[in-house]
Amino acid sequence: MKAKKSVSRRQFLATAAAATAPMILPQGVLAINGRPGANDRIVTGHIGVGGQGRGLLNPFRENAGMLCDVDSNQVGNAMKMLGRELPTAKDFREVLDRNDIDAVVIAAPDHWHGIMSVWACEAGKDVYCEKPASRTIEEGQKMIKAVRRYGRIMQIGSQGRSTPAAQAAFNYIQNGMLGEIKRIDCWHVENWTGGDPNKTSTPPAELDWDLWLGPQRWVPYNEDRVHFNFRWMLDYGDGFIRDRGAHVFSVMNWVMGLDLKAPYRVSATGQAPTQGLWDVPITFDATFEYKNPDLLVTWSQPGERAGDHDFGAVYHGTKDTLIIRGGDGGTYTEDKAMQYVPPTDGKHARVSPGHQRDFLDAVKSRKDPIMTIEAGHRVATQCNLAAISYKIGRPVEWDIEKELFVGDAEANALISNPGRGPWHI
Ligand SMILES: NC(=O)c1ccc[n+]([C@@H]2O[C@H](COP(=O)([O-])OP(=O)(O)OC[C@H]3O[C@@H](n4cnc5c(N)ncnc54)[C@H](O)[C@@H]3O)[C@@H](O)[C@H]2O)c1
């Protein structure tokens, strides 16, 4: 069912239609060499084809039907990598408006995930959206509403839970091999520092800078802000707590059965940089307290490494401990869990055929994928609670049901983003 489009999209399309010739796709353009357009092929539109977006063209190689990026060089590189001609756009609303695109793959920076996902659902598309699900807590709430209201499929790109190691850890933990788990300690290397505030310049011709910024406050172009570097600024990323927290906490919530839970108290501190453009804290320490089950989760940058990996987590149980290194595509756990065979009547992890394949299967079956928007929203919330506690400089209490901070107007003001121009959901 095609849903009603938002007013701002409609306004855009009216103007765009007047300004540009319609893009009519010749028959066969979407077909792969030797495999002309099977009827059941899901056609994907790729929004944001930088580092991760280009990587995702591999698993979606046979599905890709359109490439979109505000930087035409990125589109050119992606097309070269893919090795075939596809329709392209700078403005993602052109992707949403096409009837020949079934699903979108969003790998633009975090500050775009909420708007693009909600508008894609409104346009009747299914969505594979990169992690973290959203930049703000309110955006995540709206993504859930849009997915359920319009009956869409959405997979959040925290692919760790689709790995054999996470599945082994799930079986080991869920069948009680660690006993009761009261504490999980996560470690991660420090955030990056640097960026040159004096590199401000006119944006390069290939880049639509205003459209890169979108809902974020306008600032002059600086090459140290864009392409990968957005992670190191509080306006776009929040450093590794969201970038990799979205992986570590996704695995954690899944193996612990906490997908729909949230901490009730969070406290975070960090050491702010004294120079450079990038303003995320260099070190970052956070604690998350849970009730029912009682659990303390700590996140420490740099923290104590429990293995040869930049990040990971140690699960402390009453009977044993388990280390899970990584949490993204590279997720590893100990042999004792890898070799563990759960009893037939025990708990068994859902086995994913691979995170992107799992999404495509869900699009066909119309059943939820492994990393739903509800789970993704809780993970992003967890990351955001810590980032907000750091920004306001005190611990925060979180009302899990209302999804509001308790008695803290300053913290509640950071749940949403004021937006800019037409960029609101
Ligand atoms: N799942 C994973 O393992 C994984 C790994 C890396 C990145 N990511 C996620 O992918 C996202 C992108 O990260 P990246 O490292 O690839 O960043 P990147 O800067 O390399 O790529 C982002 C691309 O999006 C484009 N873009 C920005 N605004 C746009 C808009 N309005 N419309 C279309 N394109 C737009 C940029 O020009 C850029 O090419 C982030 O949310 C990140 O957290 C996930």
# chains A, B, ... in the order shown; residues from 1 in each chain; ligands from 1
$ residues_around --residues "region 173-179 of chain A" --least-positions-apart "4" --cutoff "7 Å" --atoms "only C-alpha atoms" --output "list in words"
Ala169, Val255, Gly317, Thr318, Lys319, Asp320, Thr321, Pro342, Gly346 and Lys347 of chain A
$ residues_near_ligand --ligand "ligand 1" --cutoff "7 Å" --atoms "only C-alpha atoms and all ligand atoms" --output "PyMOL selection string"
chain A and resi 47-53+68-71+74+90-92+107-110+112+130-132+157-159+211-214+226-230+243+328-329
$ closest_atom_pairs --of "region 132-184 of chain A" --to "region 331-337 of chain A" --cutoff "6 Å" --atoms "only C-alpha atoms" --output "CSV"
residue,atom,partner,partner_atom,distance
A:Ala165,CA,A:Tyr332,CA,5.2
A:Ala168,CA,A:Ala337,CA,5.6
A:Ala169,CA,A:Ala337,CA,5.8
A:Tyr172,CA,A:Ala337,CA,5.6
$ closest_atom_pairs --of "region 254-362 of chain A" --to "region 182-205 of chain A" --cutoff "6 Å" --atoms "only C-alpha atoms" --output "CSV"
residue,atom,partner,partner_atom,distance
A:Gly276,CA,A:Gly194,CA,4.7
A:Leu277,CA,A:Gly195,CA,4.6
A:Trp278,CA,A:Gly195,CA,5.6
A:Ile282,CA,A:Asn191,CA,5.0
A:Thr283,CA,A:Glu190,CA,5.4
A:Leu295,CA,A:Lys182,CA,4.6
A:Leu296,CA,A:Arg183,CA,4.8
A:Val297,CA,A:Ile184,CA,4.8
A:Thr298,CA,A:Asp185,CA,4.8
A:Trp299,CA,A:Cys186,CA,4.7
A:Ser300,CA,A:Trp187,CA,5.0
A:Gln301,CA,A:His188,CA,4.9
A:Pro302,CA,A:Val189,CA,4.5
A:Gly303,CA,A:Trp187,CA,4.8
A:Asp310,CA,A:Val189,CA,5.6
A:Phe311,CA,A:His188,CA,4.2
A:Gly312,CA,A:Trp187,CA,5.6
A:Ala313,CA,A:Cys186,CA,4.1
A:Val314,CA,A:Asp185,CA,5.2
A:Tyr315,CA,A:Ile184,CA,4.6
A:His316,CA,A:Arg183,CA,5.5
$ residues_around --residues "region 369-379 of chain A" --least-positions-apart "5" --cutoff "7 Å" --atoms "only C-alpha atoms" --output "VMD selection string"
chain A and resid 133 140 144 154 to 156 246 249 to 250 259 to 260 262 358 to 359 362
$ write_last_selection --atoms "C-alpha atoms" --output "compact mmCIF listing (two decimals), in the first residue's frame"
# COMPACT_ATOMS: atom_id res chain seq x y z
CA ALA A 133 19.04 3.90 14.14
CA GLY A 140 13.70 6.78 16.82
CA ILE A 144 8.85 3.04 15.03
CA MET A 154 13.00 -2.02 8.55
CA GLN A 155 16.35 -3.56 9.41
CA ILE A 156 18.88 -1.51 11.38
CA ALA A 246 25.46 0.84 18.38
CA PHE A 249 24.97 -2.71 22.74
CA SER A 250 23.11 -4.37 19.88
CA ASP A 259 15.96 -5.70 23.23
CA LEU A 260 12.94 -3.86 24.59
CA ALA A 262 16.37 0.45 28.83
CA ASP A 358 17.96 -11.41 6.37
CA PHE A 359 16.52 -8.02 5.34
CA ALA A 362 12.01 -10.16 5.53
$ select_by_dssp --residues "region 331-418 of chain A" --states "strand (DSSP E)" --output "ChimeraX atom specification"
/A:331-333,396-399,404-405
$ atom_distance --atom1 "CA of Thr381 (chain A)" --atom2 "CA of Ala272 (chain A)"
22.0 Å
$ atom_distance --atom1 "CA of Ala123 (chain A)" --atom2 "CA of Gln356 (chain A)"
21.3 Å
$ residues_around --residues "Met116 (chain A)" --least-positions-apart "2" --cutoff "10 Å" --atoms "only C-alpha atoms" --output "list in words"
Ile47, Phe92, Arg93, Leu96, Val104, Val105, Ile106, Ala108, His111, Trp112, His113, Gly114, Val118, Trp119, Ala120, Cys121, Glu122, Val127, Cys129, Met143, Trp423 and Ile425 of chain A
$ atom_distance --atom1 "CA of Val248 (chain A)" --atom2 "CA of Ile324 (chain A)"
8.8 Å
$ closest_residue --among "A:Cys383, A:Arg350, A:Gly76, A:Ile388" --to "Glu206 (chain A)" --atoms "only C-alpha atoms"
A:Gly76
$ select_by_dssp --residues "region 28-104 of chain A" --states "helix (DSSP H, G or I)" --output "list in words"
Gly51, Gln52, Gly53, Arg54, Gly55, Ser72, Asn73, Gln74, Val75, Gly76, Asn77, Ala78, Met79, Lys80, Met81, Leu82, Phe92, Arg93, Glu94, Val95 and Leu96 of chain A
$ write_last_selection --atoms "N, CA and C atoms" --output "CSV table (one decimal), in the first residue's frame"
chain,number,residue,atom,x,y,z
A,51,GLY,N,31.7,5.5,2.5
A,51,GLY,CA,32.4,4.3,3.0
A,51,GLY,C,31.5,3.1,3.1
A,52,GLN,N,30.5,3.2,4.0
A,52,GLN,CA,29.7,2.0,4.3
A,52,GLN,C,28.7,1.8,3.2
A,53,GLY,N,28.2,2.9,2.6
A,53,GLY,CA,27.2,2.7,1.5
A,53,GLY,C,27.8,2.0,0.3
A,54,ARG,N,29.1,2.2,0.0
A,54,ARG,CA,29.8,1.5,-1.1
A,54,ARG,C,29.9,0.0,-0.7
A,55,GLY,N,30.3,-0.2,0.6
A,55,GLY,CA,30.4,-1.6,1.1
A,55,GLY,C,29.1,-2.4,0.9
A,72,SER,N,28.6,14.0,-6.0
A,72,SER,CA,28.5,13.3,-7.2
A,72,SER,C,29.8,12.4,-7.4
A,73,ASN,N,30.9,12.8,-6.8
A,73,ASN,CA,32.1,12.0,-6.9
A,73,ASN,C,31.9,10.6,-6.2
A,74,GLN,N,31.2,10.7,-5.1
A,74,GLN,CA,30.9,9.4,-4.3
A,74,GLN,C,30.0,8.5,-5.2
A,75,VAL,N,29.1,9.1,-5.9
A,75,VAL,CA,28.2,8.3,-6.8
A,75,VAL,C,29.0,7.7,-7.9
A,76,GLY,N,29.9,8.5,-8.5
A,76,GLY,CA,30.8,8.0,-9.6
A,76,GLY,C,31.6,6.8,-9.1
A,77,ASN,N,32.2,7.0,-7.9
A,77,ASN,CA,33.1,5.9,-7.4
A,77,ASN,C,32.2,4.6,-7.2
A,78,ALA,N,31.0,4.8,-6.6
A,78,ALA,CA,30.1,3.7,-6.4
A,78,ALA,C,29.8,3.0,-7.6
A,79,MET,N,29.4,3.8,-8.7
A,79,MET,CA,29.0,3.2,-10.0
A,79,MET,C,30.2,2.4,-10.6
A,80,LYS,N,31.4,2.9,-10.4
A,80,LYS,CA,32.6,2.3,-10.9
A,80,LYS,C,32.7,0.9,-10.2
A,81,MET,N,32.6,0.9,-8.9
A,81,MET,CA,32.7,-0.3,-8.1
A,81,MET,C,31.7,-1.3,-8.5
A,82,LEU,N,30.5,-0.8,-8.8
A,82,LEU,CA,29.4,-1.7,-9.1
A,82,LEU,C,29.5,-2.3,-10.6
A,92,PHE,N,17.7,12.7,-2.2
A,92,PHE,CA,17.1,11.4,-1.9
A,92,PHE,C,15.6,11.4,-2.1
A,93,ARG,N,14.9,12.6,-2.2
A,93,ARG,CA,13.5,12.5,-2.4
A,93,ARG,C,13.2,12.0,-3.8
A,94,GLU,N,14.1,12.1,-4.7
A,94,GLU,CA,13.9,11.6,-6.1
A,94,GLU,C,13.9,10.0,-6.0
A,95,VAL,N,14.7,9.5,-5.1
A,95,VAL,CA,14.6,8.0,-4.9
A,95,VAL,C,13.3,7.6,-4.4
A,96,LEU,N,12.8,8.3,-3.4
A,96,LEU,CA,11.5,8.0,-2.7
A,96,LEU,C,10.4,8.1,-3.7
$ closest_residue --among "A:Val266, A:Val147, A:Ala386, A:Ile115" --to "Tyr290 (chain A)" --atoms "only C-alpha atoms"
A:Val266
$ residues_around --residues "Met256 (chain A)" --least-positions-apart "2" --cutoff "8 Å" --atoms "only C-alpha atoms" --output "list in words"
Phe170, Ile173, Gln174, Met252, Asn253, Trp254 and Leu258 of chain A
$ write_last_selection --atoms "N, CA, C and O atoms" --output "short mmCIF file (atom, residue, chain, number, x, y, z; two decimals), in the first residue's frame"
data_model
loop_
_atom_site.label_atom_id
_atom_site.label_comp_id
_atom_site.auth_asym_id
_atom_site.auth_seq_id
_atom_site.Cartn_x
_atom_site.Cartn_y
_atom_site.Cartn_z
N PHE A 170 24.74 -16.01 22.36
CA PHE A 170 23.31 -16.04 22.72
C PHE A 170 22.97 -17.39 23.34
O PHE A 170 22.40 -17.48 24.43
N ILE A 173 24.73 -17.89 26.81
CA ILE A 173 24.18 -17.06 27.90
C ILE A 173 22.73 -17.41 28.19
O ILE A 173 22.33 -17.59 29.34
N GLN A 174 21.95 -17.54 27.14
CA GLN A 174 20.51 -17.80 27.34
C GLN A 174 20.24 -19.17 27.96
O GLN A 174 19.19 -19.38 28.56
N MET A 252 24.85 -6.97 22.87
CA MET A 252 24.55 -7.14 24.29
C MET A 252 23.05 -7.30 24.52
O MET A 252 22.60 -8.24 25.19
N ASN A 253 22.27 -6.40 23.97
CA ASN A 253 20.82 -6.46 24.21
C ASN A 253 20.21 -7.75 23.68
O ASN A 253 19.28 -8.30 24.26
N TRP A 254 20.78 -8.22 22.58
CA TRP A 254 20.23 -9.44 21.97
C TRP A 254 20.58 -10.68 22.80
O TRP A 254 19.70 -11.46 23.15
N LEU A 258 17.52 -8.14 26.20
CA LEU A 258 17.17 -6.78 26.66
C LEU A 258 16.68 -5.89 25.52
O LEU A 258 16.65 -4.67 25.67
#
$ residues_around --residues "region 365-367 of chain A" --least-positions-apart "3" --cutoff "9 Å" --atoms "only C-alpha atoms" --output "PyMOL selection string"
chain A and resi 151-153+360-362
$ write_last_selection --atoms "all heavy atoms" --output "PDB file, in the first residue's frame"
ATOM      1  N   GLY A 151       3.159  -0.314   7.716  1.00  0.00           N
ATOM      2  CA  GLY A 151       3.388  -1.740   7.454  1.00  0.00           C
ATOM      3  C   GLY A 151       4.666  -2.013   6.688  1.00  0.00           C
ATOM      4  O   GLY A 151       4.689  -2.863   5.798  1.00  0.00           O
ATOM      5  N   ARG A 152       5.739  -1.312   7.021  1.00  0.00           N
ATOM      6  CA  ARG A 152       6.995  -1.487   6.294  1.00  0.00           C
ATOM      7  C   ARG A 152       7.922  -2.449   7.045  1.00  0.00           C
ATOM      8  O   ARG A 152       7.733  -2.720   8.235  1.00  0.00           O
ATOM      9  CB  ARG A 152       7.740  -0.147   6.091  1.00  0.00           C
ATOM     10  CG  ARG A 152       6.955   0.984   5.454  1.00  0.00           C
ATOM     11  CD  ARG A 152       6.029   0.580   4.342  1.00  0.00           C
ATOM     12  NE  ARG A 152       6.642  -0.236   3.310  1.00  0.00           N
ATOM     13  CZ  ARG A 152       5.956  -0.933   2.404  1.00  0.00           C
ATOM     14  NH1 ARG A 152       4.636  -0.935   2.406  1.00  0.00           N
ATOM     15  NH2 ARG A 152       6.579  -1.638   1.493  1.00  0.00           N
ATOM     16  N   ILE A 153       8.940  -2.917   6.352  1.00  0.00           N
ATOM     17  CA  ILE A 153      10.008  -3.721   6.952  1.00  0.00           C
ATOM     18  C   ILE A 153      11.200  -2.794   7.137  1.00  0.00           C
ATOM     19  O   ILE A 153      11.557  -2.066   6.212  1.00  0.00           O
ATOM     20  CB  ILE A 153      10.393  -4.879   5.999  1.00  0.00           C
ATOM     21  CG1 ILE A 153       9.229  -5.858   5.823  1.00  0.00           C
ATOM     22  CG2 ILE A 153      11.662  -5.587   6.467  1.00  0.00           C
ATOM     23  CD1 ILE A 153       8.815  -6.614   7.076  1.00  0.00           C
ATOM     24  N   LEU A 360      16.424  -8.869   3.064  1.00  0.00           N
ATOM     25  CA  LEU A 360      15.734  -9.189   1.809  1.00  0.00           C
ATOM     26  C   LEU A 360      14.703 -10.303   2.029  1.00  0.00           C
ATOM     27  O   LEU A 360      13.589 -10.251   1.496  1.00  0.00           O
ATOM     28  CB  LEU A 360      16.750  -9.602   0.732  1.00  0.00           C
ATOM     29  CG  LEU A 360      17.683  -8.461   0.270  1.00  0.00           C
ATOM     30  CD1 LEU A 360      18.818  -9.008  -0.609  1.00  0.00           C
ATOM     31  CD2 LEU A 360      16.911  -7.386  -0.491  1.00  0.00           C
ATOM     32  N   ASP A 361      15.060 -11.285   2.868  1.00  0.00           N
ATOM     33  CA  ASP A 361      14.095 -12.350   3.190  1.00  0.00           C
ATOM     34  C   ASP A 361      12.874 -11.761   3.888  1.00  0.00           C
ATOM     35  O   ASP A 361      11.737 -12.161   3.632  1.00  0.00           O
ATOM     36  CB  ASP A 361      14.739 -13.403   4.105  1.00  0.00           C
ATOM     37  CG  ASP A 361      15.772 -14.250   3.363  1.00  0.00           C
ATOM     38  OD1 ASP A 361      15.876 -14.125   2.123  1.00  0.00           O
ATOM     39  OD2 ASP A 361      16.490 -15.019   4.033  1.00  0.00           O
ATOM     40  N   ALA A 362      13.124 -10.781   4.779  1.00  0.00           N
ATOM     41  CA  ALA A 362      12.014 -10.159   5.526  1.00  0.00           C
ATOM     42  C   ALA A 362      11.117  -9.361   4.578  1.00  0.00           C
ATOM     43  O   ALA A 362       9.899  -9.343   4.732  1.00  0.00           O
ATOM     44  CB  ALA A 362      12.567  -9.257   6.629  1.00  0.00           C
TER      45      ALA A 362
END
$ residues_around --residues "Ala64 (chain A)" --least-positions-apart "4" --cutoff "9 Å" --atoms "only C-alpha atoms" --output "PyMOL selection string"
chain A and resi 30+42-46+57+60+82+86
$ decode --residues "region 249-275 of chain A" --atoms "N, CA, C and O atoms" --output "compact mmCIF listing (two decimals), in the first residue's frame"
# COMPACT_ATOMS: atom_id res chain seq x y z
N PHE A 249 26.24 -2.61 22.01
CA PHE A 249 24.97 -2.71 22.74
C PHE A 249 23.93 -3.54 21.97
O PHE A 249 23.04 -4.12 22.56
N SER A 250 24.05 -3.54 20.65
CA SER A 250 23.11 -4.37 19.88
C SER A 250 23.34 -5.84 20.20
O SER A 250 22.39 -6.60 20.45
N VAL A 251 24.61 -6.25 20.20
CA VAL A 251 24.92 -7.65 20.54
C VAL A 251 24.51 -7.91 21.99
O VAL A 251 23.86 -8.92 22.31
N MET A 252 24.85 -6.97 22.87
CA MET A 252 24.55 -7.14 24.29
C MET A 252 23.05 -7.30 24.52
O MET A 252 22.60 -8.24 25.19
N ASN A 253 22.27 -6.40 23.97
CA ASN A 253 20.82 -6.46 24.21
C ASN A 253 20.21 -7.75 23.68
O ASN A 253 19.28 -8.30 24.26
N TRP A 254 20.78 -8.22 22.58
CA TRP A 254 20.23 -9.44 21.97
C TRP A 254 20.58 -10.68 22.80
O TRP A 254 19.70 -11.46 23.15
N VAL A 255 21.88 -10.83 23.15
CA VAL A 255 22.26 -12.06 23.88
C VAL A 255 21.70 -12.05 25.30
O VAL A 255 21.50 -13.10 25.90
N MET A 256 21.41 -10.86 25.83
CA MET A 256 20.87 -10.75 27.20
C MET A 256 19.34 -10.73 27.22
O MET A 256 18.73 -10.70 28.29
N GLY A 257 18.70 -10.65 26.06
CA GLY A 257 17.24 -10.55 26.03
C GLY A 257 16.75 -9.20 26.50
O GLY A 257 15.68 -9.07 27.11
N LEU A 258 17.52 -8.14 26.20
CA LEU A 258 17.17 -6.78 26.66
C LEU A 258 16.68 -5.89 25.52
O LEU A 258 16.65 -4.67 25.67
N ASP A 259 16.28 -6.50 24.41
CA ASP A 259 15.96 -5.70 23.23
C ASP A 259 14.93 -4.60 23.48
O ASP A 259 14.97 -3.56 22.83
N LEU A 260 13.99 -4.87 24.39
CA LEU A 260 12.94 -3.86 24.59
C LEU A 260 13.09 -3.17 25.94
O LEU A 260 12.15 -2.51 26.42
N LYS A 261 14.25 -3.31 26.58
CA LYS A 261 14.46 -2.68 27.90
C LYS A 261 15.34 -1.45 27.73
O LYS A 261 15.88 -1.17 26.68
N ALA A 262 15.50 -0.73 28.84
CA ALA A 262 16.37 0.45 28.83
C ALA A 262 16.88 0.67 30.24
O ALA A 262 16.23 0.24 31.21
N PRO A 263 18.02 1.33 30.39
CA PRO A 263 18.50 1.63 31.73
C PRO A 263 17.66 2.72 32.37
O PRO A 263 17.07 3.54 31.65
N TYR A 264 17.58 2.74 33.71
CA TYR A 264 16.80 3.79 34.37
C TYR A 264 17.69 4.91 34.88
O TYR A 264 17.22 5.99 35.21
N ARG A 265 19.00 4.64 34.98
CA ARG A 265 19.92 5.71 35.39
C ARG A 265 21.21 5.59 34.58
O ARG A 265 21.74 4.49 34.42
N VAL A 266 21.67 6.73 34.09
CA VAL A 266 22.88 6.74 33.24
C VAL A 266 23.75 7.91 33.66
O VAL A 266 23.25 9.01 33.94
N SER A 267 25.04 7.65 33.72
CA SER A 267 25.97 8.72 34.08
C SER A 267 27.17 8.64 33.15
O SER A 267 27.70 7.55 32.91
N ALA A 268 27.59 9.78 32.61
CA ALA A 268 28.76 9.75 31.71
C ALA A 268 29.64 10.96 31.92
O ALA A 268 29.16 12.07 32.17
N THR A 269 30.93 10.72 31.84
CA THR A 269 31.91 11.81 31.93
C THR A 269 32.94 11.60 30.83
O THR A 269 33.08 10.50 30.30
N GLY A 270 33.65 12.68 30.50
CA GLY A 270 34.67 12.55 29.47
C GLY A 270 35.60 13.74 29.51
O GLY A 270 35.29 14.76 30.13
N GLN A 271 36.71 13.58 28.83
CA GLN A 271 37.70 14.67 28.78
C GLN A 271 37.57 15.39 27.44
O GLN A 271 37.89 14.84 26.39
N ALA A 272 37.06 16.65 27.50
CA ALA A 272 36.84 17.41 26.27
C ALA A 272 38.18 17.83 25.67
O ALA A 272 39.12 18.15 26.40
N PRO A 273 38.28 17.85 24.34
CA PRO A 273 39.55 18.31 23.73
C PRO A 273 39.71 19.81 23.90
O PRO A 273 38.72 20.54 24.05
N THR A 274 40.92 20.28 23.90
CA THR A 274 41.16 21.72 24.09
C THR A 274 41.50 22.41 22.77
O THR A 274 41.60 23.62 22.70
N GLN A 275 41.71 21.65 21.71
CA GLN A 275 41.97 22.26 20.41
C GLN A 275 41.46 21.37 19.29
O GLN A 275 41.13 20.22 19.52
